[in-house]
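Trainee: Contents of structure_30.pdb (PDB, C-alpha atoms):
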```
MODEL        1
ATOM      1  CA  MET A 120       3.822-108.327  37.137
ATOM      2  CA  GLU A 121       2.367-104.906  37.875
ATOM      3  CA  VAL A 122       4.285-101.936  36.514
ATOM      4  CA  LYS A 123       4.460 -98.922  38.766
ATOM      5  CA  LEU A 124       4.151 -95.598  36.983
ATOM      6  CA  ASP A 125       6.416 -92.720  37.922
ATOM      7  CA  TYR A 126       3.984 -89.793  38.032
ATOM      8  CA  HIS A 127       6.531 -87.424  39.523
ATOM      9  CA  ASN A 128       8.546 -87.277  36.332
ATOM     10  CA  GLN A 129       5.590 -87.191  33.925
ATOM     11  CA  SER A 130       3.749 -84.191  32.619
ATOM     12  CA  MET A 131       0.024 -83.694  33.061
ATOM     13  CA  ASP A 132      -0.584 -84.551  29.399
ATOM     14  CA  GLU A 133       1.310 -87.830  29.712
ATOM     15  CA  ILE A 134      -0.622 -88.740  32.846
ATOM     16  CA  VAL A 135      -3.981 -87.904  31.215
ATOM     17  CA  PHE A 136      -3.202 -89.743  27.978
ATOM     18  CA  ASP A 137      -1.458 -92.731  29.657
ATOM     19  CA  LYS A 138      -2.510 -95.938  28.012
ATOM     20  CA  ARG A 139      -4.380 -93.931  25.366
ATOM     21  CA  ASN A 140      -3.794 -93.186  21.738
ATOM     22  CA  LYS A 141      -1.490 -90.214  21.760
ATOM     23  CA  ASN A 142      -1.944 -89.738  18.074
ATOM     24  CA  TYR A 143      -5.410 -88.370  18.895
ATOM     25  CA  GLY A 144      -5.840 -84.722  18.065
ATOM     26  CA  ALA A 145      -6.384 -83.508  21.644
ATOM     27  CA  TYR A 146      -2.928 -84.636  22.730
ATOM     28  CA  VAL A 147      -1.302 -82.912  19.800
ATOM     29  CA  LEU A 148      -3.227 -79.672  20.464
ATOM     30  CA  ARG A 149      -2.139 -79.711  24.093
ATOM     31  CA  GLN A 150       1.473 -80.131  23.043
ATOM     32  CA  LEU A 151       1.192 -77.090  20.722
ATOM     33  CA  TYR A 152      -0.863 -74.897  23.135
ATOM     34  CA  ASP A 153       2.089 -73.086  24.761
ATOM     35  CA  LYS A 154       3.655 -72.390  21.393
ATOM     36  CA  HIS A 155       0.390 -71.007  19.962
ATOM     37  CA  LEU A 156      -0.210 -68.898  23.107
ATOM     38  CA  LEU A 157       3.263 -67.345  22.904
ATOM     39  CA  LYS A 158       2.793 -66.641  19.193
ATOM     40  CA  ALA A 159      -0.613 -64.962  19.756
ATOM     41  CA  LEU A 160       0.776 -62.844  22.600
ATOM     42  CA  SER A 161       3.698 -61.707  20.468
ATOM     43  CA  ILE A 162       1.364 -60.723  17.613
ATOM     44  CA  SER A 163      -0.949 -58.786  19.964
ATOM     45  CA  VAL A 164       1.916 -56.887  21.562
ATOM     46  CA  GLY A 165       3.318 -56.074  18.130
ATOM     47  CA  VAL A 166      -0.018 -54.775  16.822
ATOM     48  CA  PHE A 167      -0.511 -52.645  19.948
ATOM     49  CA  ILE A 168       2.959 -51.089  19.718
ATOM     50  CA  PHE A 169       2.516 -50.457  15.990
ATOM     51  CA  SER A 170      -0.860 -48.710  16.537
ATOM     52  CA  MET A 171       0.638 -46.523  19.279
ATOM     53  CA  TYR A 172       3.489 -45.265  17.120
ATOM     54  CA  THR A 173       1.668 -45.094  13.777
ATOM     55  CA  PRO A 174       0.674 -41.332  14.148
ATOM     56  CA  THR A 175       4.265 -40.431  15.048
ATOM     57  CA  ILE A 176       5.665 -42.376  12.134
ATOM     58  CA  ALA A 177       3.133 -40.871   9.719
ATOM     59  CA  LYS A 178       3.898 -37.359  10.987
ATOM     60  CA  ASN A 179       7.654 -37.905  10.523
ATOM     61  CA  LEU A 180       7.034 -39.155   6.994
ATOM     62  CA  GLY A 181       5.009 -35.991   6.224
ATOM     63  CA  LEU A 182       1.725 -37.799   5.649
ATOM     64  CA  PHE A 183      -0.209 -35.416   7.945
ATOM     65  CA  LYS A 184      -0.334 -31.656   7.343
ATOM     66  CA  GLU A 185      -0.161 -29.470  10.401
ATOM     67  CA  LYS A 186      -3.162 -27.125  10.873
ATOM     68  CA  GLN A 187      -2.097 -23.532  10.590
ATOM     69  CA  ALA A 188      -2.799 -21.376  13.612
ATOM     70  CA  GLU A 189      -5.655 -18.904  13.145
ATOM     71  CA  VAL A 190      -4.416 -15.359  12.767
ATOM     72  CA  LEU A 191      -6.517 -12.838  14.652
ATOM     73  CA  ASP A 192      -7.149  -9.348  13.356
ATOM     74  CA  THR A 193      -5.372  -7.009  15.748
ATOM     75  CA  THR A 194      -6.244  -3.731  14.052
ATOM     76  CA  THR A 195      -6.201  -0.918  16.622
ATOM     77  CA  ILE A 196      -9.177   1.445  16.508
ATOM     78  CA  VAL A 197      -8.585   4.827  18.107
ATOM     79  CA  LEU A 198     -11.793   6.359  19.479
ATOM     80  CA  GLN A 199     -12.303  10.076  19.726
ATOM     81  CA  PRO A 200     -12.500  11.400  23.314
ATOM     82  CA  PRO A 201     -16.020  12.287  24.465
ATOM     83  CA  PRO A 202     -16.990  15.933  24.514
ATOM     84  CA  SER A 203     -16.391  17.701  27.798
ATOM     85  CA  ILE A 204     -19.385  18.375  29.993
ATOM     86  CA  LYS A 205     -19.400  21.795  31.585
ATOM     87  CA  PRO A 206     -21.995  22.254  34.355
ATOM     88  CA  ASP A 207     -22.326  25.991  33.693
ATOM     89  CA  GLU A 208     -22.644  25.623  29.924
ATOM     90  CA  PRO A 209     -26.152  26.629  28.802
ATOM     91  CA  PRO A 210     -28.242  23.926  27.111
ATOM     92  CA  PRO A 211     -28.747  24.098  23.361
ATOM     93  CA  PRO A 212     -31.651  26.241  22.214
ATOM     94  CA  PRO A 213     -34.945  24.446  21.696
ATOM     95  CA  PRO A 214     -35.933  23.549  18.151
ATOM     96  CA  PRO A 215     -38.182  26.045  16.393
ATOM     97  CA  PRO A 216     -41.868  25.329  16.897
ATOM     98  CA  VAL A 217     -43.592  23.503  14.071
ATOM     99  CA  GLU A 218     -46.802  25.098  12.985
ATOM    100  CA  PRO A 219     -49.591  22.504  13.119
ATOM    101  CA  VAL A 220     -51.429  21.699   9.931
ATOM    102  CA  LEU A 221     -54.924  23.108  10.001
ATOM    103  CA  ARG A 222     -57.232  20.102   9.773
ATOM    104  CA  PRO A 223     -60.803  20.333   8.502
ATOM    105  CA  THR A 224     -63.467  19.904  11.177
ATOM    106  CA  VAL A 225     -67.245  19.619  11.313
ATOM    107  CA  ARG A 226     -69.227  21.212  14.132
ATOM    108  CA  PHE A 227     -70.634  18.622  16.495
ATOM    109  CA  LEU A 228     -74.408  18.821  17.077
ATOM    110  CA  GLU A 229     -75.744  17.626  20.389
ATOM    111  CA  MET A 230     -78.898  15.571  20.064
ATOM    112  CA  GLU A 231     -81.787  17.197  21.948
ATOM    113  CA  ALA A 232     -85.457  16.260  21.847
ATOM    114  CA  VAL A 233     -87.491  19.270  20.633
ATOM    115  CA  LYS A 234     -90.624  19.783  18.652
ATOM    116  CA  LYS A 235     -90.279  19.478  14.910
ATOM    117  CA  GLU A 236     -91.586  22.984  14.179
ATOM    118  CA  GLU A 237     -88.978  24.475  16.588
ATOM    119  CA  VAL A 238     -86.006  22.958  14.844
ATOM    120  CA  ASP A 239     -83.869  25.671  13.226
ATOM    121  CA  GLU A 240     -80.518  23.804  13.144
ATOM    122  CA  PRO A 241     -79.234  22.085   9.991
ATOM    123  CA  PRO A 242     -79.269  18.291  10.009
ATOM    124  CA  PRO A 243     -76.154  16.526  11.379
ATOM    125  CA  PRO A 244     -73.388  15.692   8.872
ATOM    126  CA  THR A 245     -73.481  12.396   7.047
ATOM    127  CA  ILE A 246     -70.747   9.768   7.071
ATOM    128  CA  ASP A 247     -69.493  10.946   3.690
ATOM    129  CA  GLN A 248     -69.260  14.527   4.961
ATOM    130  CA  LEU A 249     -67.136  13.373   7.915
ATOM    131  CA  ASP A 250     -64.563  11.651   5.692
ATOM    132  CA  LYS A 251     -61.036  12.828   6.653
ATOM    133  CA  LYS A 252     -62.471  15.421   9.043
ATOM    134  CA  ASP A 253     -62.394  15.836  12.819
ATOM    135  CA  ILE A 254     -65.259  16.599  15.178
ATOM    136  CA  GLY A 255     -64.985  20.119  16.594
ATOM    137  CA  VAL A 256     -66.917  23.002  18.066
ATOM    138  CA  LYS A 257     -67.201  24.798  14.726
ATOM    139  CA  ASP A 258     -66.777  24.226  11.008
ATOM    140  CA  VAL A 259     -63.179  24.810   9.880
ATOM    141  CA  ALA A 260     -61.800  24.412   6.366
ATOM    142  CA  GLY A 261     -58.412  22.765   6.221
ATOM    143  CA  GLU A 262     -56.200  20.182   4.575
ATOM    144  CA  GLY A 263     -57.555  16.638   4.749
ATOM    145  CA  THR A 264     -55.163  13.887   5.852
ATOM    146  CA  ASP A 265     -55.283  10.251   6.902
ATOM    147  CA  ASP A 266     -53.064  10.927   9.950
ATOM    148  CA  PRO A 267     -54.693  10.920  13.396
ATOM    149  CA  PRO A 268     -55.238  14.289  15.091
ATOM    150  CA  PRO A 269     -52.284  15.563  17.172
ATOM    151  CA  PRO A 270     -52.464  14.886  20.939
ATOM    152  CA  GLY A 271     -53.469  17.794  23.190
ATOM    153  CA  GLY A 272     -54.821  21.184  22.173
ATOM    154  CA  ASP A 273     -58.323  22.142  21.153
ATOM    155  CA  VAL A 274     -60.252  19.904  18.789
ATOM    156  CA  GLY A 275     -60.863  21.509  15.420
ATOM    157  CA  GLY A 276     -57.441  22.909  14.559
ATOM    158  CA  GLY A 277     -57.063  25.211  17.589
ATOM    159  CA  ALA A 278     -53.684  26.105  19.058
ATOM    160  CA  PRO A 279     -52.252  23.570  21.551
ATOM    161  CA  VAL A 280     -52.890  24.483  25.175
ATOM    162  CA  ALA A 281     -49.791  24.372  27.378
ATOM    163  CA  PRO A 282     -50.301  22.564  30.690
ATOM    164  CA  LYS A 283     -50.619  24.666  33.826
ATOM    165  CA  PHE A 284     -47.621  22.857  35.298
ATOM    166  CA  TYR A 285     -45.457  19.799  34.730
ATOM    167  CA  GLU A 286     -44.999  16.860  37.064
ATOM    168  CA  ARG A 287     -41.689  15.750  35.571
ATOM    169  CA  VAL A 288     -39.317  17.643  33.275
ATOM    170  CA  GLU A 289     -35.872  17.132  31.820
ATOM    171  CA  GLN A 290     -34.290  19.462  34.393
ATOM    172  CA  MET A 291     -36.139  19.568  37.726
ATOM    173  CA  PRO A 292     -36.125  22.753  39.853
ATOM    174  CA  SER A 293     -33.279  23.043  42.362
ATOM    175  CA  PHE A 294     -33.377  25.013  45.609
ATOM    176  CA  ILE A 295     -30.942  27.887  45.913
ATOM    177  CA  GLY A 296     -29.195  26.930  49.141
ATOM    178  CA  ASP A 297     -30.068  24.201  51.658
ATOM    179  CA  LEU A 298     -33.762  23.301  51.521
ATOM    180  CA  GLN A 299     -33.658  20.871  54.445
ATOM    181  CA  GLY A 300     -31.771  23.391  56.546
ATOM    182  CA  PHE A 301     -34.297  26.138  55.704
ATOM    183  CA  LEU A 302     -37.261  23.953  56.647
ATOM    184  CA  GLY A 303     -35.557  22.645  59.791
ATOM    185  CA  ASP A 304     -34.678  26.136  61.028
ATOM    186  CA  ASN A 305     -38.242  27.421  60.597
ATOM    187  CA  LEU A 306     -40.206  24.351  61.692
ATOM    188  CA  GLN A 307     -41.866  24.629  65.121
ATOM    189  CA  TYR A 308     -43.143  21.433  66.685
ATOM    190  CA  PRO A 309     -46.702  21.949  68.036
ATOM    191  CA  THR A 310     -46.456  22.013  71.850
ATOM    192  CA  GLN A 311     -49.339  19.667  72.647
ATOM    193  CA  GLU A 312     -48.251  17.095  70.052
ATOM    194  CA  TYR A 313     -44.665  17.324  71.262
ATOM    195  CA  ASN A 314     -45.711  16.674  74.862
ATOM    196  CA  ASP A 315     -47.867  13.746  73.710
ATOM    197  CA  GLU A 316     -44.962  12.435  71.599
ATOM    198  CA  VAL A 317     -47.097  12.528  68.445
ATOM    199  CA  THR A 318     -45.052  11.925  65.258
ATOM    200  CA  GLY A 319     -45.859  11.780  61.552
ATOM    201  CA  VAL A 320     -44.937  12.810  58.021
ATOM    202  CA  THR A 321     -46.869  15.369  55.963
ATOM    203  CA  LEU A 322     -46.441  15.643  52.196
ATOM    204  CA  VAL A 323     -46.883  19.154  50.809
ATOM    205  CA  TYR A 324     -47.368  20.179  47.183
ATOM    206  CA  PHE A 325     -46.065  23.439  45.724
ATOM    207  CA  ILE A 326     -45.426  24.807  42.249
ATOM    208  CA  VAL A 327     -42.151  26.398  41.178
ATOM    209  CA  ASN A 328     -43.072  28.728  38.324
ATOM    210  CA  SER A 329     -40.901  29.538  35.323
ATOM    211  CA  GLU A 330     -39.193  32.332  37.297
ATOM    212  CA  GLY A 331     -38.280  30.128  40.285
ATOM    213  CA  VAL A 332     -40.976  31.506  42.622
ATOM    214  CA  VAL A 333     -43.009  29.139  44.815
ATOM    215  CA  GLU A 334     -46.791  29.196  44.310
ATOM    216  CA  ASP A 335     -49.946  27.209  45.169
ATOM    217  CA  VAL A 336     -48.792  25.459  48.358
ATOM    218  CA  ALA A 337     -51.255  22.651  49.158
ATOM    219  CA  LEU A 338     -51.528  19.488  51.228
ATOM    220  CA  LYS A 339     -50.840  16.267  49.305
ATOM    221  CA  GLU A 340     -50.914  13.656  52.062
ATOM    222  CA  THR A 341     -51.864  14.160  55.702
ATOM    223  CA  SER A 342     -49.893  12.895  58.651
ATOM    224  CA  GLY A 343     -53.115  12.085  60.460
ATOM    225  CA  HIS A 344     -52.828  15.068  62.806
ATOM    226  CA  LYS A 345     -54.252  18.489  61.926
ATOM    227  CA  ALA A 346     -51.717  20.428  63.994
ATOM    228  CA  LEU A 347     -48.781  18.744  62.268
ATOM    229  CA  ASP A 348     -50.319  19.343  58.835
ATOM    230  CA  ALA A 349     -50.979  23.011  59.629
ATOM    231  CA  GLU A 350     -47.372  23.549  60.743
ATOM    232  CA  ALA A 351     -46.046  21.779  57.624
ATOM    233  CA  LEU A 352     -48.129  24.042  55.375
ATOM    234  CA  ARG A 353     -47.003  27.132  57.303
ATOM    235  CA  VAL A 354     -43.300  26.403  56.966
ATOM    236  CA  VAL A 355     -43.549  25.533  53.243
ATOM    237  CA  LYS A 356     -45.535  28.731  52.591
ATOM    238  CA  LEU A 357     -42.513  30.639  53.894
ATOM    239  CA  LEU A 358     -40.853  29.650  50.600
ATOM    240  CA  ALA A 359     -43.531  31.632  48.736
ATOM    241  CA  LYS A 360     -43.351  34.667  51.028
ATOM    242  CA  ASP A 361     -42.827  38.025  49.281
ATOM    243  CA  GLY A 362     -42.559  36.324  45.881
ATOM    244  CA  LYS A 363     -38.848  35.736  46.413
ATOM    245  CA  VAL A 364     -36.961  33.564  43.960
ATOM    246  CA  ARG A 365     -36.079  30.423  45.908
ATOM    247  CA  PHE A 366     -35.413  27.908  43.111
ATOM    248  CA  LYS A 367     -33.687  27.576  39.802
ATOM    249  CA  ALA A 368     -36.640  27.010  37.485
ATOM    250  CA  GLY A 369     -37.169  23.620  35.868
ATOM    251  CA  LYS A 370     -36.602  23.308  32.135
ATOM    252  CA  GLN A 371     -38.236  21.320  29.370
ATOM    253  CA  ASN A 372     -36.701  21.388  25.887
ATOM    254  CA  GLY A 373     -34.381  24.163  27.098
ATOM    255  CA  ALA A 374     -37.239  26.475  28.174
ATOM    256  CA  ALA A 375     -38.166  27.361  31.785
ATOM    257  CA  VAL A 376     -41.567  25.863  32.717
ATOM    258  CA  PRO A 377     -43.679  25.629  35.912
ATOM    259  CA  VAL A 378     -43.177  22.355  37.781
ATOM    260  CA  ARG A 379     -45.149  20.937  40.689
ATOM    261  CA  CYS A 380     -42.911  19.535  43.422
ATOM    262  CA  VAL A 381     -43.585  17.673  46.652
ATOM    263  CA  VAL A 382     -41.623  17.859  49.893
ATOM    264  CA  PRO A 383     -42.013  15.622  52.978
ATOM    265  CA  ILE A 384     -42.164  17.358  56.363
ATOM    266  CA  GLU A 385     -41.238  14.836  59.055
ATOM    267  CA  PHE A 386     -42.097  15.346  62.720
ATOM    268  CA  THR A 387     -39.933  13.195  64.976
ATOM    269  CA  ILE A 388     -38.902  13.381  68.605
ATOM    270  CA  GLU A 389     -35.275  12.649  69.378
TER     271      GLU A 389
ENDMDL
END
```
Written as structure tokens, that's how I'd like the structure from this file.

Mentor:
Amino acid sequence: MEVKLDYHNQSMDEIVFDKRNKNYGAYVLRQLYDKHLLKALSISVGVFIFSMYTPTIAKNLGLFKEKQAEVLDTTTIVLQPPPSIKPDEPPPPPPPPVEPVLRPTVRFLEMEAVKKEEVDEPPPPTIDQLDKKDIGVKDVAGEGTDDPPPPGGDVGGGAPVAPKFYERVEQMPSFIGDLQGFLGDNLQYPTQEYNDEVTGVTLVYFIVNSEGVVEDVALKETSGHKALDAEALRVVKLLAKDGKVRFKAGKQNGAAVPVRCVVPIEFTIE
């Protein structure tokens, strides 16, 4: 007689191990699987919660020391106010001139081919004779030094030669009044060039001497048209007319010096 099995009321393990030895280890492991899974999940959740709250617990127990906040130095430094600048206040006097040390020199002999019997000059100095001495135009006794000779001035201990004029100084010359207005009022556009609509810019040199008088007016850069250049020179030379003081002289080291300036004369047709 065939026995019908009721699979609806049996578990999967009972169906799989039907008519088999249920004492076999696999059946027992399957019976304990849910229990082991629940136990492992509970342990994992417990370890996770414990690790999350461990820093808080340790802090409450005083195991961790709080880091003290860094204290910044807030010392107040009071600065002195800068000195007032007065435009009309004269500049400080220049430092006293330093007298140059007189250096020993040996007269330089130019080599010239002459007959032996006509030679009446002493032989040129040797290397030993030139030790710590400069080459000059005459023999000068002085104090030997290892320092190089000072820039400028005559070779051989002569007095320094001041330049004829300066290109750039600490305080450049300034026109007394309106320079552009003066040039514009006196400039006359050449008739032929005006009718031909010829334009250009002429650069003119001039020197403002130590008294503020304009001297040595000269052409620096041409406009490309002789008539325009001639008119530019004419109007700038009006600044030098009658030796009238037109500028406040330029200054270097507090002393008035001659300065060469340049002014552009522009010819345009509006």

Trainee: Return the single residue from A:Thr318, A:Asn305, A:Gln290, A:Ser342 that is closest to A:Leu358, with distances computed using all atoms listed in the file.

Mentor: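 Nearest candidate to A:Leu358 out of A:Thr318, A:Asn305, A:Gln290, A:Ser342: A:Asn305.
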
Trainee: Show which residues sit within 12 Å of A:Pro211, as a compact mmCIF listing (two decimals) with C-alpha atoms, in the coordinates of the input. Count all atoms listed in the file, and ignore same-chain residues fewer than 4 positions away.

Mentor:
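Contents of the output file selection.txt:
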```
# COMPACT_ATOMS: atom_id res chain seq x y z
CA PRO A 215 -38.18 26.04 16.39
CA LYS A 370 -36.60 23.31 32.14
CA GLN A 371 -38.24 21.32 29.37
CA ASN A 372 -36.70 21.39 25.89
CA GLY A 373 -34.38 24.16 27.10
CA ALA A 374 -37.24 26.48 28.17
```

Trainee: Work out how far apart atom CA of A:Lys345 and atom CA of A:Val317 are and give it in Å to one decimal.

Mentor: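 Taking atom CA of A:Lys345 as the start and atom CA of A:Val317 as the end point, the length is 11.4 Å.
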
Trainee: Report the residues retrieved by the PyMOL selection byres ((chain A and resi 293-295) around 12) from the displayed file, expressed as a PDB file with C-alpha atoms, keeping the file's coordinate frame.

Mentor:
```pdb
ATOM      1  CA  GLN A 290     -34.290  19.462  34.393  1.00  0.00           C
ATOM      2  CA  MET A 291     -36.139  19.568  37.726  1.00  0.00           C
ATOM      3  CA  PRO A 292     -36.125  22.753  39.853  1.00  0.00           C
ATOM      4  CA  GLY A 296     -29.195  26.930  49.141  1.00  0.00           C
ATOM      5  CA  ASP A 297     -30.068  24.201  51.658  1.00  0.00           C
ATOM      6  CA  LEU A 298     -33.762  23.301  51.521  1.00  0.00           C
ATOM      7  CA  GLN A 299     -33.658  20.871  54.445  1.00  0.00           C
ATOM      8  CA  GLY A 300     -31.771  23.391  56.546  1.00  0.00           C
ATOM      9  CA  PHE A 301     -34.297  26.138  55.704  1.00  0.00           C
ATOM     10  CA  LEU A 302     -37.261  23.953  56.647  1.00  0.00           C
ATOM     11  CA  VAL A 327     -42.151  26.398  41.178  1.00  0.00           C
ATOM     12  CA  GLY A 331     -38.280  30.128  40.285  1.00  0.00           C
ATOM     13  CA  VAL A 332     -40.976  31.506  42.622  1.00  0.00           C
ATOM     14  CA  VAL A 333     -43.009  29.139  44.815  1.00  0.00           C
ATOM     15  CA  LEU A 358     -40.853  29.650  50.600  1.00  0.00           C
ATOM     16  CA  LYS A 363     -38.848  35.736  46.413  1.00  0.00           C
ATOM     17  CA  VAL A 364     -36.961  33.564  43.960  1.00  0.00           C
ATOM     18  CA  ARG A 365     -36.079  30.423  45.908  1.00  0.00           C
ATOM     19  CA  PHE A 366     -35.413  27.908  43.111  1.00  0.00           C
ATOM     20  CA  LYS A 367     -33.687  27.576  39.802  1.00  0.00           C
ATOM     21  CA  ALA A 368     -36.640  27.010  37.485  1.00  0.00           C
ATOM     22  CA  GLY A 369     -37.169  23.620  35.868  1.00  0.00           C
ATOM     23  CA  LYS A 370     -36.602  23.308  32.135  1.00  0.00           C
ATOM     24  CA  VAL A 378     -43.177  22.355  37.781  1.00  0.00           C
ATOM     25  CA  CYS A 380     -42.911  19.535  43.422  1.00  0.00           C
ATOM     26  CA  VAL A 382     -41.623  17.859  49.893  1.00  0.00           C
TER      27      VAL A 382
END
```

Trainee: To one decimal in Å, tell me the separation between atom CA of A:Thr173 and atom CA of A:Ala159.

Mentor: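 Distance reported for this atom pair: 20.9 Å.
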
Trainee: In terms of the shortest atom-to-atom distance over all atoms listed in the file, which of A:Glu350, A:Glu340, A:Glu334, A:Glu316 is closest to A:Gly303?

Mentor: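 Counting all atoms listed in the file, the residue closest to A:Gly303 is A:Glu350.
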
Trainee: Excluding A:Val355 and residues on its chain fewer than 4 positions from it, collect all residues at most 9 Å away from it, counting all atoms listed in the file, and give them as a PDB file with C-alpha atoms, in the coordinates of the input.

Mentor:
```
ATOM      1  CA  LEU A 302     -37.261  23.953  56.647  1.00  0.00           C
ATOM      2  CA  VAL A 323     -46.883  19.154  50.809  1.00  0.00           C
ATOM      3  CA  TYR A 324     -47.368  20.179  47.183  1.00  0.00           C
ATOM      4  CA  PHE A 325     -46.065  23.439  45.724  1.00  0.00           C
ATOM      5  CA  VAL A 336     -48.792  25.459  48.358  1.00  0.00           C
ATOM      6  CA  GLU A 350     -47.372  23.549  60.743  1.00  0.00           C
ATOM      7  CA  ALA A 351     -46.046  21.779  57.624  1.00  0.00           C
ATOM      8  CA  ALA A 359     -43.531  31.632  48.736  1.00  0.00           C
ATOM      9  CA  VAL A 382     -41.623  17.859  49.893  1.00  0.00           C
ATOM     10  CA  ILE A 384     -42.164  17.358  56.363  1.00  0.00           C
TER      11      ILE A 384
END
```

Trainee: In Å to one decimal, how far is atom CA of A:Asp304 from atom CA of A:Glu389?

Mentor: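 If I compute the distance from atom CA of A:Glu389 to atom CA of A:Asp304, I get 15.9 Å.
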
Trainee: Could you tell me which of A:Leu357, A:Met171, A:Ile326, A:Ala177 comes closest to A:Lys283 if we count only C-alpha atoms?

Mentor: A:Ile326

Trainee: Using only C-alpha atoms, can you list as a list in words the residues within 8 Å of (-42.5, 16.0, 62.1)?

Mentor: Tyr308, Thr318, Gly319, Val320, Thr321, Leu347, Ile384, Glu385, Phe386, Thr387 and Ile388 of chain A
